[in-house]
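Colleague: So I've got this file, work-v4.cif, and it contains mmCIF, C-alpha atoms (C1' of nucleotides):
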```cif
data_data
loop_
_atom_site.label_atom_id
_atom_site.label_comp_id
_atom_site.auth_asym_id
_atom_site.auth_seq_id
_atom_site.Cartn_x
_atom_site.Cartn_y
_atom_site.Cartn_z
CA MET A 1 80.95 115.55 96.66
CA THR A 2 80.98 119.31 96.58
CA ASP A 3 80.62 121.55 93.61
CA LEU A 4 84.00 123.08 94.10
CA LEU A 5 84.62 122.73 90.42
CA THR A 6 84.72 126.43 89.76
CA GLU A 7 87.13 126.89 92.59
CA ARG A 8 89.23 124.05 91.29
CA ASP A 9 90.05 126.09 88.24
CA ALA A 10 92.23 128.27 90.39
CA TRP A 11 94.08 125.30 91.86
CA SER A 12 97.18 123.74 90.66
CA THR A 13 97.14 120.05 90.03
CA THR A 14 100.89 119.72 89.89
CA ASN A 15 101.18 119.52 93.67
CA CYS A 16 98.78 116.61 93.97
CA SER A 17 99.84 113.81 96.29
CA ILE A 18 98.33 111.23 93.99
CA ALA A 19 100.37 112.51 91.07
CA ARG A 20 103.48 112.54 93.25
CA ALA A 21 102.85 109.00 94.39
CA LEU A 22 102.39 107.93 90.79
CA GLU A 23 105.75 109.39 89.86
CA ILE A 24 107.21 106.64 92.03
CA VAL A 25 104.83 103.73 91.62
CA GLY A 26 102.92 104.76 88.53
CA THR A 27 103.74 101.77 86.35
CA LYS A 28 102.13 98.38 86.34
CA SER A 29 105.42 96.64 86.95
CA ALA A 30 106.24 98.82 89.97
CA LEU A 31 102.88 98.06 91.54
CA LEU A 32 103.18 94.37 90.80
CA ILE A 33 106.66 94.30 92.27
CA MET A 34 105.27 95.88 95.42
CA ARG A 35 102.56 93.23 95.43
CA GLU A 36 105.20 90.52 95.24
CA ALA A 37 107.24 92.17 97.95
CA PHE A 38 104.16 91.99 100.17
CA PHE A 39 103.66 88.37 99.32
CA GLY A 40 107.18 87.76 100.54
CA THR A 41 109.31 87.79 97.42
CA ARG A 42 112.80 89.06 98.13
CA ARG A 43 115.10 87.93 95.34
CA PHE A 44 115.72 89.38 91.92
CA ASP A 45 114.89 86.34 89.86
CA ASP A 46 111.76 85.62 91.86
CA PHE A 47 110.49 89.11 91.23
CA ALA A 48 111.05 88.73 87.52
CA LYS A 49 109.43 85.33 87.40
CA ARG A 50 106.42 86.01 89.60
CA VAL A 51 105.62 89.42 88.24
CA GLY A 52 106.08 88.10 84.74
CA ILE A 53 108.38 90.83 83.48
CA GLY A 54 111.84 90.66 81.93
CA GLU A 55 115.05 91.10 83.80
CA PRO A 56 115.83 94.61 82.55
CA ALA A 57 112.42 95.81 83.66
CA THR A 58 112.88 94.06 86.98
CA SER A 59 116.27 95.69 87.40
CA ALA A 60 114.99 99.14 86.53
CA ARG A 61 111.97 98.88 88.80
CA LEU A 62 113.90 97.50 91.77
CA LYS A 63 116.44 100.28 91.43
CA GLU A 64 113.75 102.92 91.28
CA LEU A 65 111.84 101.50 94.22
CA THR A 66 115.07 101.18 96.19
CA ALA A 67 116.09 104.73 95.32
CA ALA A 68 112.63 105.94 96.31
CA GLY A 69 112.98 104.15 99.63
CA LEU A 70 110.16 101.61 99.38
CA LEU A 71 112.61 98.74 99.25
CA GLU A 72 116.12 98.33 100.54
CA ARG A 73 118.85 96.10 99.24
CA VAL A 74 120.27 94.12 102.11
CA PRO A 75 122.99 91.49 102.00
CA TYR A 76 122.19 88.07 103.37
CA ARG A 77 123.94 84.76 103.44
CA GLU A 78 122.57 81.29 103.55
CA PRO A 79 124.89 78.63 104.99
CA GLY A 80 127.24 77.31 102.34
CA GLN A 81 126.21 80.05 99.96
CA ARG A 82 127.87 83.25 99.05
CA THR A 83 126.53 86.64 100.08
CA ARG A 84 123.46 87.64 98.17
CA TYR A 85 121.15 90.60 98.18
CA ALA A 86 117.53 90.71 99.12
CA TYR A 87 115.04 93.48 98.44
CA GLN A 88 113.22 94.11 101.65
CA MET A 89 110.32 96.31 102.55
CA THR A 90 111.07 99.52 104.37
CA GLU A 91 108.54 101.34 106.49
CA LYS A 92 107.76 103.49 103.47
CA GLY A 93 107.08 100.35 101.51
CA ARG A 94 105.01 98.70 104.22
CA ASP A 95 102.93 101.82 104.46
CA PHE A 96 101.95 101.24 100.85
CA LEU A 97 99.90 98.20 101.81
CA PRO A 98 96.55 100.02 101.89
CA VAL A 99 96.96 100.96 98.24
CA LEU A 100 97.50 97.37 97.25
CA MET A 101 94.70 96.11 99.44
CA ALA A 102 92.31 98.68 98.00
CA LEU A 103 93.35 97.71 94.51
CA ARG A 104 92.98 94.02 95.23
CA GLN A 105 89.61 94.59 96.79
CA TRP A 106 88.36 96.57 93.82
CA GLY A 107 89.68 93.90 91.49
CA ASP A 108 88.01 91.18 93.54
CA THR A 109 84.70 92.98 93.35
CA TRP A 110 84.75 94.29 89.81
CA ALA A 111 87.29 92.41 87.77
CA ALA A 112 87.59 88.97 89.31
CA SER A 113 87.37 85.71 87.51
CA GLU A 114 84.28 83.56 87.89
CA GLN A 115 86.02 81.36 90.39
CA GLY A 116 86.63 84.28 92.70
CA PRO A 117 89.87 85.78 93.92
CA SER A 118 93.03 83.73 93.76
CA VAL A 119 94.43 85.10 96.96
CA VAL A 120 92.85 86.07 100.24
CA VAL A 121 94.51 88.23 102.87
CA ARG A 122 93.46 87.45 106.41
CA HIS A 123 93.97 88.86 109.87
CA ASP A 124 96.44 86.46 111.45
CA GLU A 125 94.76 86.58 114.84
CA CYS A 126 91.12 86.06 113.94
CA GLY A 127 91.38 84.75 110.38
CA ALA A 128 88.87 87.21 108.97
CA PRO A 129 89.53 88.71 105.53
CA VAL A 130 91.20 92.09 105.44
CA HIS A 131 89.99 95.01 103.44
CA ALA A 132 90.57 98.68 102.98
CA VAL A 133 87.84 100.89 104.36
CA LEU A 134 87.45 104.64 104.43
CA GLN A 135 87.11 106.29 107.77
CA CYS A 136 87.34 109.78 109.08
CA GLU A 137 89.55 110.53 112.03
CA ASN A 138 86.57 110.30 114.33
CA GLY A 139 86.08 106.73 113.28
CA HIS A 140 83.00 107.17 111.09
CA ASP A 141 82.75 104.95 108.04
CA ILE A 142 82.83 106.93 104.83
CA THR A 143 81.47 106.34 101.38
CA TYR A 144 81.67 108.38 98.23
CA GLY A 145 78.78 110.67 99.08
CA ASP A 146 80.10 111.58 102.51
CA THR A 147 83.16 113.43 101.37
CA VAL A 148 84.04 117.07 100.90
CA VAL A 149 87.18 118.12 99.12
CA ASP A 150 88.92 121.06 100.69
CA ARG A 151 92.05 123.09 100.17
CA GLY A 152 95.12 121.91 101.98
CA PRO A 153 98.09 123.91 103.24
CA GLY A 154 100.23 122.99 100.24
CA LEU A 155 97.81 124.29 97.69
CA ILE A 156 99.33 126.49 95.06
CA ARG A 157 96.88 129.08 93.87
CA THR A 158 97.44 130.17 90.35
CA SER A 159 96.61 133.82 91.08
CA ALA A 160 92.90 133.63 90.38
CA ASP A 161 92.92 132.73 86.73
CA SER A 162 96.29 133.14 85.03
CA ASP A 163 96.40 129.93 83.03
CA MET B 1 103.59 87.95 106.67
CA THR B 2 103.83 84.24 106.21
CA ASP B 3 106.59 82.28 104.60
CA LEU B 4 104.34 80.95 101.92
CA LEU B 5 106.99 81.72 99.38
CA THR B 6 107.68 78.13 98.52
CA GLU B 7 104.01 77.50 98.09
CA ARG B 8 103.73 80.57 95.95
CA ASP B 9 105.86 78.90 93.35
CA ALA B 10 102.98 76.63 92.54
CA TRP B 11 100.58 79.53 92.17
CA SER B 12 99.67 81.37 89.12
CA THR B 13 100.00 85.12 89.17
CA THR B 14 97.93 85.67 86.08
CA ASN B 15 94.68 85.45 87.98
CA CYS B 16 95.65 88.18 90.42
CA SER B 17 92.99 90.77 91.16
CA ILE B 18 95.60 93.49 91.37
CA ALA B 19 96.88 92.64 87.92
CA ARG B 20 93.34 92.55 86.61
CA ALA B 21 92.57 95.91 88.13
CA LEU B 22 95.72 97.33 86.59
CA GLU B 23 94.63 96.17 83.17
CA ILE B 24 91.87 98.74 83.49
CA VAL B 25 93.42 101.55 85.50
CA GLY B 26 97.10 100.76 85.21
CA THR B 27 98.23 103.99 83.61
CA LYS B 28 98.99 107.28 85.29
CA SER B 29 96.50 109.11 83.13
CA ALA B 30 93.69 106.68 83.93
CA LEU B 31 94.28 107.08 87.65
CA LEU B 32 94.51 110.84 87.37
CA ILE B 33 91.31 110.94 85.36
CA MET B 34 89.62 108.96 88.11
CA ARG B 35 91.01 111.44 90.60
CA GLU B 36 89.51 114.29 88.62
CA ALA B 37 86.21 112.49 88.32
CA PHE B 38 86.15 112.27 92.11
CA PHE B 39 86.93 115.92 92.42
CA GLY B 40 83.88 116.59 90.30
CA THR B 41 85.21 117.02 86.79
CA ARG B 42 82.69 115.86 84.20
CA ARG B 43 83.60 117.40 80.84
CA PHE B 44 86.13 116.38 78.27
CA ASP B 45 88.13 119.57 78.10
CA ASP B 46 88.23 119.89 81.86
CA PHE B 47 89.67 116.41 82.20
CA ALA B 48 92.37 117.23 79.68
CA LYS B 49 93.21 120.54 81.30
CA ARG B 50 93.16 119.45 84.93
CA VAL B 51 94.91 116.17 84.46
CA GLY B 52 97.44 117.90 82.25
CA ILE B 53 97.30 115.46 79.37
CA GLY B 54 96.60 115.97 75.70
CA GLU B 55 93.28 115.51 74.05
CA PRO B 56 94.10 112.21 72.33
CA ALA B 57 95.16 110.69 75.63
CA THR B 58 92.06 112.10 77.31
CA SER B 59 89.89 110.63 74.59
CA ALA B 60 91.54 107.21 74.80
CA ARG B 61 91.37 107.05 78.58
CA LEU B 62 87.77 108.23 78.81
CA LYS B 63 86.76 105.66 76.25
CA GLU B 64 88.56 102.88 78.08
CA LEU B 65 87.16 103.88 81.45
CA THR B 66 83.69 104.17 79.96
CA ALA B 67 84.02 100.79 78.26
CA ALA B 68 85.24 99.29 81.52
CA GLY B 69 82.22 100.74 83.29
CA LEU B 70 83.89 103.12 85.73
CA LEU B 71 82.45 106.12 83.96
CA GLU B 72 79.36 106.58 81.86
CA ARG B 73 78.72 109.07 79.12
CA VAL B 74 75.45 110.80 79.77
CA PRO B 75 73.83 113.57 77.76
CA TYR B 76 72.96 116.77 79.53
CA ARG B 77 71.69 120.11 78.43
CA GLU B 78 72.15 123.49 79.96
CA PRO B 79 69.49 126.07 79.13
CA GLY B 80 70.20 127.75 75.83
CA GLN B 81 72.94 125.26 75.10
CA ARG B 82 72.94 122.24 72.91
CA THR B 83 73.08 118.74 74.24
CA ARG B 84 76.47 117.81 75.59
CA TYR B 85 77.95 114.75 77.20
CA ALA B 86 79.27 114.37 80.70
CA TYR B 87 81.41 111.57 82.05
CA GLN B 88 79.87 110.48 85.29
CA MET B 89 80.92 108.06 87.93
CA THR B 90 79.18 104.73 88.03
CA GLU B 91 79.00 102.56 91.11
CA LYS B 92 82.02 100.69 89.82
CA GLY B 93 83.85 103.98 89.59
CA ARG B 94 82.72 105.21 92.98
CA ASP B 95 83.90 101.98 94.50
CA PHE B 96 87.36 102.88 93.32
CA LEU B 97 87.59 105.69 95.86
CA PRO B 98 89.53 103.68 98.47
CA VAL B 99 92.34 103.15 95.98
CA LEU B 100 92.63 106.87 95.35
CA MET B 101 92.37 107.71 99.01
CA ALA B 102 95.06 105.19 99.88
CA LEU B 103 97.27 106.59 97.16
CA ARG B 104 96.69 110.16 98.25
CA GLN B 105 97.38 109.23 101.84
CA TRP B 106 100.63 107.51 100.98
CA GLY B 107 101.64 110.48 98.85
CA ASP B 108 100.76 112.87 101.68
CA THR B 109 102.91 110.93 104.09
CA TRP B 110 105.85 109.99 101.92
CA ALA B 111 105.97 112.21 98.88
CA ALA B 112 104.34 115.48 99.86
CA SER B 113 105.77 118.91 99.36
CA GLU B 114 107.09 120.83 102.33
CA GLN B 115 103.93 122.86 102.56
CA GLY B 116 101.85 119.76 103.06
CA PRO B 117 99.10 118.30 100.91
CA SER B 118 97.32 120.51 98.46
CA VAL B 119 93.97 118.90 98.98
CA VAL B 120 92.23 117.51 102.04
CA VAL B 121 89.26 115.18 101.93
CA ARG B 122 86.92 115.52 104.87
CA HIS B 123 83.87 113.79 106.24
CA ASP B 124 81.05 116.14 105.39
CA GLU B 125 79.24 115.59 108.67
CA CYS B 126 82.03 115.99 111.17
CA GLY B 127 84.71 117.66 109.09
CA ALA B 128 87.44 115.23 110.09
CA PRO B 129 89.97 114.15 107.45
CA VAL B 130 89.26 110.89 105.69
CA HIS B 131 91.75 108.13 105.25
CA ALA B 132 91.97 104.57 104.12
CA VAL B 133 92.52 102.07 106.89
CA LEU B 134 92.90 98.33 106.86
CA GLN B 135 90.45 96.33 108.87
CA CYS B 136 89.46 92.73 109.04
CA GLU B 137 85.81 91.80 108.84
CA ASN B 138 85.62 91.63 112.60
CA GLY B 139 86.60 95.27 112.76
CA HIS B 140 90.16 94.88 114.00
CA ASP B 141 92.67 97.38 112.71
CA ILE B 142 95.36 95.77 110.62
CA THR B 143 98.93 96.64 109.85
CA TYR B 144 101.51 94.95 107.69
CA GLY B 145 102.59 92.41 110.28
CA ASP B 146 99.08 91.23 111.08
CA THR B 147 98.35 89.69 107.71
CA VAL B 148 98.43 86.18 106.36
CA VAL B 149 98.15 85.49 102.67
CA ASP B 150 96.04 82.51 101.83
CA ARG B 151 94.78 80.70 98.77
CA GLY B 152 91.47 81.88 97.40
CA PRO B 153 88.85 79.93 95.47
CA GLY B 154 90.02 81.29 92.14
CA LEU B 155 93.57 80.12 92.55
CA ILE B 156 94.94 78.28 89.58
CA ARG B 157 97.43 75.70 90.67
CA THR B 158 100.05 75.01 88.10
CA SER B 159 100.07 71.27 88.77
CA ALA B 160 102.71 71.27 91.48
CA ASP B 161 105.66 72.64 89.55
CA SER B 162 105.28 72.61 85.80
CA ASP B 163 106.01 76.31 85.74
"C1'" DA C 1 141.35 75.93 88.47
"C1'" DA C 2 137.05 75.10 85.88
"C1'" DG C 3 132.39 74.96 85.98
"C1'" DC C 4 128.02 76.33 87.63
"C1'" DT C 5 124.52 79.33 89.52
"C1'" DG C 6 122.29 83.47 91.06
"C1'" DG C 7 122.16 88.02 90.07
"C1'" DC C 8 122.53 91.07 87.45
"C1'" DT C 9 123.89 94.60 82.89
"C1'" DA C 10 123.99 95.74 77.86
"C1'" DA C 11 122.21 95.96 73.24
"C1'" DT C 12 118.44 95.95 70.35
"C1'" DG C 13 113.75 96.04 68.97
"C1'" DT C 14 108.75 96.52 69.87
"C1'" DT C 15 104.69 98.23 72.01
"C1'" DT C 16 102.36 101.50 74.77
"C1'" DT C 17 101.60 105.97 76.18
"C1'" DA C 18 101.47 110.41 75.22
"C1'" DA C 19 102.26 115.27 73.13
"C1'" DG C 20 101.23 118.72 69.59
"C1'" DA C 21 98.98 120.49 65.80
"C1'" DA C 22 95.32 120.48 62.98
"C1'" DG C 23 90.92 119.17 61.28
"C1'" DT C 24 85.91 117.73 61.91
"C1'" DC C 25 81.29 118.21 63.42
"C1'" DA C 26 76.97 119.66 65.59
"C1'" DG C 27 74.27 123.07 66.89
"C1'" DA C 28 73.36 127.74 69.29
"C1'" DC C 29 73.65 132.48 67.99
"C1'" DG C 30 73.92 136.65 65.49
"C1'" DC D 1 73.73 131.56 56.49
"C1'" DG D 2 77.98 131.89 58.37
"C1'" DT D 3 80.56 132.02 62.66
"C1'" DC D 4 81.86 130.36 67.01
"C1'" DT D 5 82.53 126.98 70.64
"C1'" DG D 6 82.81 122.67 72.96
"C1'" DA D 7 83.85 118.16 72.03
"C1'" DC D 8 86.06 115.54 70.01
"C1'" DT D 9 89.24 112.68 65.96
"C1'" DT D 10 93.20 112.21 63.07
"C1'" DC D 11 97.35 112.67 61.87
"C1'" DT D 12 102.53 112.64 63.08
"C1'" DT D 13 106.19 112.24 66.21
"C1'" DA D 14 108.50 111.41 70.64
"C1'" DA D 15 109.28 109.19 74.91
"C1'" DA D 16 108.44 105.68 78.13
"C1'" DA D 17 108.02 100.93 79.26
"C1'" DC D 18 109.02 96.44 78.25
"C1'" DA D 19 110.59 91.85 75.86
"C1'" DT D 20 114.38 89.06 74.13
"C1'" DT D 21 118.77 87.65 73.80
"C1'" DA D 22 123.13 87.61 75.21
"C1'" DG D 23 126.87 88.30 78.13
"C1'" DC D 24 129.28 89.32 82.59
"C1'" DC D 25 130.82 88.58 87.29
"C1'" DA D 26 131.42 86.71 92.02
"C1'" DG D 27 132.25 83.05 94.46
"C1'" DC D 28 130.91 78.34 96.01
"C1'" DT D 29 131.53 73.58 94.56
"C1'" DT D 30 134.47 69.85 92.39
#
```
Would you write out, as structure tokens, the structure that this file holds?
Modeller:
Amino acid sequence: MTDLLTERDAWSTTNCSIARALEIVGTKSALLIMREAFFGTRRFDDFAKRVGIGEPATSARLKELTAAGLLERVPYREPGQRTRYAYQMTEKGRDFLPVLMALRQWGDTWAASEQGPSVVVRHDECGAPVHAVLQCENGHDITYGDTVVDRGPGLIRTSADSD
Amino acid sequence: MTDLLTERDAWSTTNCSIARALEIVGTKSALLIMREAFFGTRRFDDFAKRVGIGEPATSARLKELTAAGLLERVPYREPGQRTRYAYQMTEKGRDFLPVLMALRQWGDTWAASEQGPSVVVRHDECGAPVHAVLQCENGHDITYGDTVVDRGPGLIRTSADSD
DNA sequence: AAGCTGGCTAATGTTTTAAGAAGTCAGACG
DNA sequence: CGTCTGACTTCTTAAAACATTAGCCAGCTT
């Protein structure tokens, strides 16, 4: 990593993408609901049951995630049943998969039970386990030491030092 | 994704690596402190200031992250100064980078400001932006539709159906 | 038409997370 | 020897997040 610490003082942290992302999915229940959505859960009661949270929390989280566009509420109808609503992944939600995979992977490595992970995600074509890796756009594999943090176009400078 | 939903009923969700990971880093402040640690922040007051949280929260989070082994508290001494303590990344902490990169990437794509991201992470050797990608162990790139969720060795079966 | 079931909402209480202000403490420095 | 500064801790209070319980409503089944 670089020693851009001094420079960082002049940066604003309010415009951070991580902080923005966490405004939407920054609670445990939101992340666990996204996990369940990836595992295929679609119905209200199943979310509540499988995530292990109460119905009000489920309701609040599903509304927030729907409002934020990660899930959408779509009507469906099974034969002989009335119309119901399912919470489906949108593209915005599907694009969240790397976060969950990275989290799962870290948990598998550093916080797993002795028996190992309870769930494995595999590539459907070749059956090999999936994980999140860091790469640069030129395809090089990246680890912690290979990174430099740089200013982006959206950086708000706080006029040298005011604050 | 597979339709392993019915099977999922028999699974336990308490042994989930994602849930376990979130027990450690499941708060906004913990994740933002990890972000700052990646950006190079090492000192107590700097964490508080840059993350934008109060000192009690900073103290609690740093203690938890230190206890969990993502950070370590190491003494250091600048010339003419007394001994102070820095919060440094451990291997366990460094290994958390993919989660933050995936989160940043999602935020850049789906929750960024109009000006674009405020910070860019680059490969130090070639300068290309870094991102988190999903790959299987055979090196194939993976997207949402290419995954199958399977039982892992640590799966706790809840004896067919007894909740 | 009455009951049942899935899918919620409402009311209430508790726990967690956090802010803000103030105080402590160790040691360099004058 | 007293002050100052960085690094905290200790209050106190507020705001989220969440659990529990209960109730509602639509509409299929009987």
Colleague: List the spatial neighbours of stretch 4-8 of chain C as a list in words - criterion: any atom at most 10 Å away, all atoms listed in the file, same-chain residues fewer than 6 positions off excluded.
Modeller: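 The residues that qualify are Arg43, Phe44, Asp45, Glu55, Pro56, Ser59, Arg82, Arg84 and Tyr85 of chain A; DC24, DC25, DA26, DG27, DC28 and DT29 of chain D.
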Colleague: Would you give me, as CSV, each residue of stretch 24-140 of chain A having an atom within 8 Å of an atom of stretch 10-23 of chain D, along with its shortest atom pair and that distance in Å to one decimal, using only C-alpha atoms (C1' of nucleotides) and sorting by chain and residue number?
Modeller:
```
residue,atom,partner,partner_atom,distance
A:Ile53,CA,D:DC18,C1',7.7
A:Gly54,CA,D:DA19,C1',6.3
A:Ala57,CA,D:DC18,C1',6.4
```
Colleague: Mind fitting chain A to chain B by least squares on all Cα atoms in order and giving back the moved coordinates as a compact mmCIF listing (two decimals) with C-alpha atoms, in the coordinates of the input?
Modeller:
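File produced: superposed25.txt:
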```txt
# COMPACT_ATOMS: atom_id res chain seq x y z
CA MET A 1 103.57 87.98 106.67
CA THR A 2 103.83 84.26 106.21
CA ASP A 3 106.59 82.32 104.60
CA LEU A 4 104.34 80.94 101.95
CA LEU A 5 106.98 81.70 99.40
CA THR A 6 107.66 78.10 98.56
CA GLU A 7 103.99 77.48 98.14
CA ARG A 8 103.70 80.55 95.98
CA ASP A 9 105.84 78.89 93.37
CA ALA A 10 102.96 76.61 92.57
CA TRP A 11 100.53 79.51 92.20
CA SER A 12 99.66 81.35 89.15
CA THR A 13 99.99 85.08 89.21
CA THR A 14 97.94 85.63 86.09
CA ASN A 15 94.67 85.44 88.01
CA CYS A 16 95.64 88.17 90.45
CA SER A 17 92.98 90.77 91.18
CA ILE A 18 95.58 93.49 91.39
CA ALA A 19 96.88 92.63 87.93
CA ARG A 20 93.32 92.54 86.61
CA ALA A 21 92.55 95.91 88.14
CA LEU A 22 95.70 97.32 86.60
CA GLU A 23 94.62 96.15 83.17
CA ILE A 24 91.86 98.73 83.49
CA VAL A 25 93.40 101.54 85.51
CA GLY A 26 97.07 100.73 85.22
CA THR A 27 98.23 103.97 83.63
CA LYS A 28 98.97 107.25 85.29
CA SER A 29 96.49 109.10 83.12
CA ALA A 30 93.67 106.66 83.93
CA LEU A 31 94.27 107.07 87.65
CA LEU A 32 94.50 110.83 87.37
CA ILE A 33 91.30 110.93 85.35
CA MET A 34 89.60 108.96 88.11
CA ARG A 35 91.00 111.44 90.61
CA GLU A 36 89.50 114.30 88.62
CA ALA A 37 86.20 112.49 88.31
CA PHE A 38 86.13 112.27 92.10
CA PHE A 39 86.92 115.92 92.41
CA GLY A 40 83.87 116.59 90.28
CA THR A 41 85.21 117.00 86.77
CA ARG A 42 82.70 115.86 84.18
CA ARG A 43 83.61 117.39 80.84
CA PHE A 44 86.14 116.34 78.25
CA ASP A 45 88.13 119.53 78.08
CA ASP A 46 88.24 119.87 81.85
CA PHE A 47 89.68 116.40 82.17
CA ALA A 48 92.37 117.20 79.66
CA LYS A 49 93.21 120.50 81.27
CA ARG A 50 93.17 119.43 84.91
CA VAL A 51 94.93 116.14 84.44
CA GLY A 52 97.46 117.84 82.22
CA ILE A 53 97.32 115.39 79.34
CA GLY A 54 96.60 115.91 75.65
CA GLU A 55 93.26 115.45 74.04
CA PRO A 56 94.03 112.14 72.33
CA ALA A 57 95.14 110.64 75.62
CA THR A 58 92.06 112.06 77.30
CA SER A 59 89.87 110.58 74.59
CA ALA A 60 91.50 107.18 74.79
CA ARG A 61 91.36 107.03 78.57
CA LEU A 62 87.75 108.20 78.81
CA LYS A 63 86.73 105.61 76.25
CA GLU A 64 88.53 102.86 78.09
CA LEU A 65 87.14 103.86 81.47
CA THR A 66 83.66 104.15 79.97
CA ALA A 67 83.99 100.77 78.27
CA ALA A 68 85.22 99.27 81.54
CA GLY A 69 82.20 100.72 83.31
CA LEU A 70 83.88 103.12 85.74
CA LEU A 71 82.43 106.12 83.96
CA GLU A 72 79.34 106.58 81.86
CA ARG A 73 78.72 109.08 79.12
CA VAL A 74 75.45 110.82 79.79
CA PRO A 75 73.84 113.59 77.77
CA TYR A 76 72.99 116.80 79.56
CA ARG A 77 71.75 120.17 78.51
CA GLU A 78 72.26 123.53 80.05
CA PRO A 79 69.60 126.15 79.24
CA GLY A 80 70.36 127.87 75.96
CA GLN A 81 73.05 125.34 75.17
CA ARG A 82 73.02 122.34 72.97
CA THR A 83 73.13 118.80 74.29
CA ARG A 84 76.50 117.84 75.62
CA TYR A 85 77.98 114.77 77.21
CA ALA A 86 79.28 114.37 80.70
CA TYR A 87 81.41 111.56 82.06
CA GLN A 88 79.86 110.50 85.30
CA MET A 89 80.90 108.06 87.95
CA THR A 90 79.16 104.72 88.03
CA GLU A 91 78.97 102.56 91.11
CA LYS A 92 82.01 100.70 89.82
CA GLY A 93 83.83 103.98 89.60
CA ARG A 94 82.70 105.23 93.00
CA ASP A 95 83.87 101.99 94.51
CA PHE A 96 87.35 102.89 93.33
CA LEU A 97 87.57 105.70 95.87
CA PRO A 98 89.52 103.70 98.47
CA VAL A 99 92.32 103.17 95.98
CA LEU A 100 92.63 106.87 95.35
CA MET A 101 92.37 107.74 99.01
CA ALA A 102 95.05 105.21 99.88
CA LEU A 103 97.26 106.59 97.16
CA ARG A 104 96.68 110.16 98.26
CA GLN A 105 97.36 109.25 101.84
CA TRP A 106 100.62 107.53 100.98
CA GLY A 107 101.62 110.49 98.86
CA ASP A 108 100.75 112.89 101.67
CA THR A 109 102.90 110.94 104.08
CA TRP A 110 105.84 110.01 101.90
CA ALA A 111 105.95 112.23 98.87
CA ALA A 112 104.33 115.50 99.85
CA SER A 113 105.75 118.92 99.35
CA GLU A 114 107.09 120.84 102.32
CA GLN A 115 103.93 122.86 102.54
CA GLY A 116 101.85 119.75 103.04
CA PRO A 117 99.08 118.31 100.92
CA SER A 118 97.29 120.54 98.45
CA VAL A 119 93.95 118.92 98.97
CA VAL A 120 92.22 117.53 102.02
CA VAL A 121 89.23 115.20 101.92
CA ARG A 122 86.89 115.54 104.86
CA HIS A 123 83.85 113.81 106.25
CA ASP A 124 81.01 116.16 105.37
CA GLU A 125 79.20 115.60 108.65
CA CYS A 126 81.99 116.01 111.17
CA GLY A 127 84.68 117.70 109.08
CA ALA A 128 87.41 115.27 110.09
CA PRO A 129 89.93 114.17 107.45
CA VAL A 130 89.23 110.91 105.68
CA HIS A 131 91.72 108.16 105.24
CA ALA A 132 91.97 104.59 104.12
CA VAL A 133 92.52 102.11 106.90
CA LEU A 134 92.89 98.35 106.87
CA GLN A 135 90.45 96.35 108.87
CA CYS A 136 89.43 92.76 109.06
CA GLU A 137 85.80 91.83 108.83
CA ASN A 138 85.60 91.65 112.60
CA GLY A 139 86.55 95.28 112.78
CA HIS A 140 90.13 94.91 114.01
CA ASP A 141 92.64 97.42 112.73
CA ILE A 142 95.33 95.79 110.64
CA THR A 143 98.90 96.66 109.87
CA TYR A 144 101.48 94.98 107.72
CA GLY A 145 102.56 92.46 110.32
CA ASP A 146 99.05 91.27 111.09
CA THR A 147 98.34 89.71 107.74
CA VAL A 148 98.42 86.20 106.38
CA VAL A 149 98.14 85.51 102.69
CA ASP A 150 96.02 82.52 101.85
CA ARG A 151 94.77 80.73 98.78
CA GLY A 152 91.47 81.88 97.41
CA PRO A 153 88.85 79.92 95.49
CA GLY A 154 90.03 81.26 92.14
CA LEU A 155 93.57 80.11 92.54
CA ILE A 156 94.98 78.28 89.58
CA ARG A 157 97.49 75.70 90.65
CA THR A 158 100.11 75.01 88.09
CA SER A 159 100.19 71.27 88.80
CA ALA A 160 102.88 71.33 91.46
CA ASP A 161 105.80 72.60 89.48
CA SER A 162 105.29 72.56 85.72
CA ASP A 163 106.69 75.96 84.83
```
Colleague: To one decimal place, how far is atom C1' of C:DA28 from atom CA of B:Gly80 in Å?
Modeller: 7.3 Å
Colleague: What does the distance from atom CA of B:Asp146 to atom CA of A:Ala128 come to in Å, to one decimal?
Modeller: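 One can read the atom CA of B:Asp146 to atom CA of A:Ala128 distance as 11.2 Å.
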Colleague: Taking all atoms listed in the file into account, what are the residues of chain D at most 9 Å from chain B, put as a list of chain:residue names?
Modeller: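 Close to chain B, chain D has D:DG6, D:DA7, D:DC8, D:DT9.
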Colleague: Atom CA of A:Glu137 and atom CA of A:Leu70 are how many Å apart?
Modeller: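 It comes out at 25.8 Å.
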Colleague: Name every residue that the PyMOL selection byres ((chain C) within 12 of (chain B)) selects in this structure, writing the answer as a ChimeraX atom specification with chains first and numbers rising.
Modeller: /C:16-21,26-29
Colleague: I need the residue nearest chain A from this list: B:Gly93, B:Pro75, B:Gly152, B:Gly145. Use all atoms listed in the file for the distance.
Modeller: B:Gly152
Colleague: Using only C-alpha atoms, can you tell me which of B:Arg77, B:Cys16, B:Tyr144, B:His123 comes closest to A:Lys92?
Modeller: B:Tyr144
Colleague: Once the PyMOL selection byres ((chain A and resi 149) around 7) has been applied to the shown file, what residues remain in the selection, as JSON, numbers by chain?
Modeller: {"A": [2, 147, 148, 150], "B": [119, 120, 121, 122]}
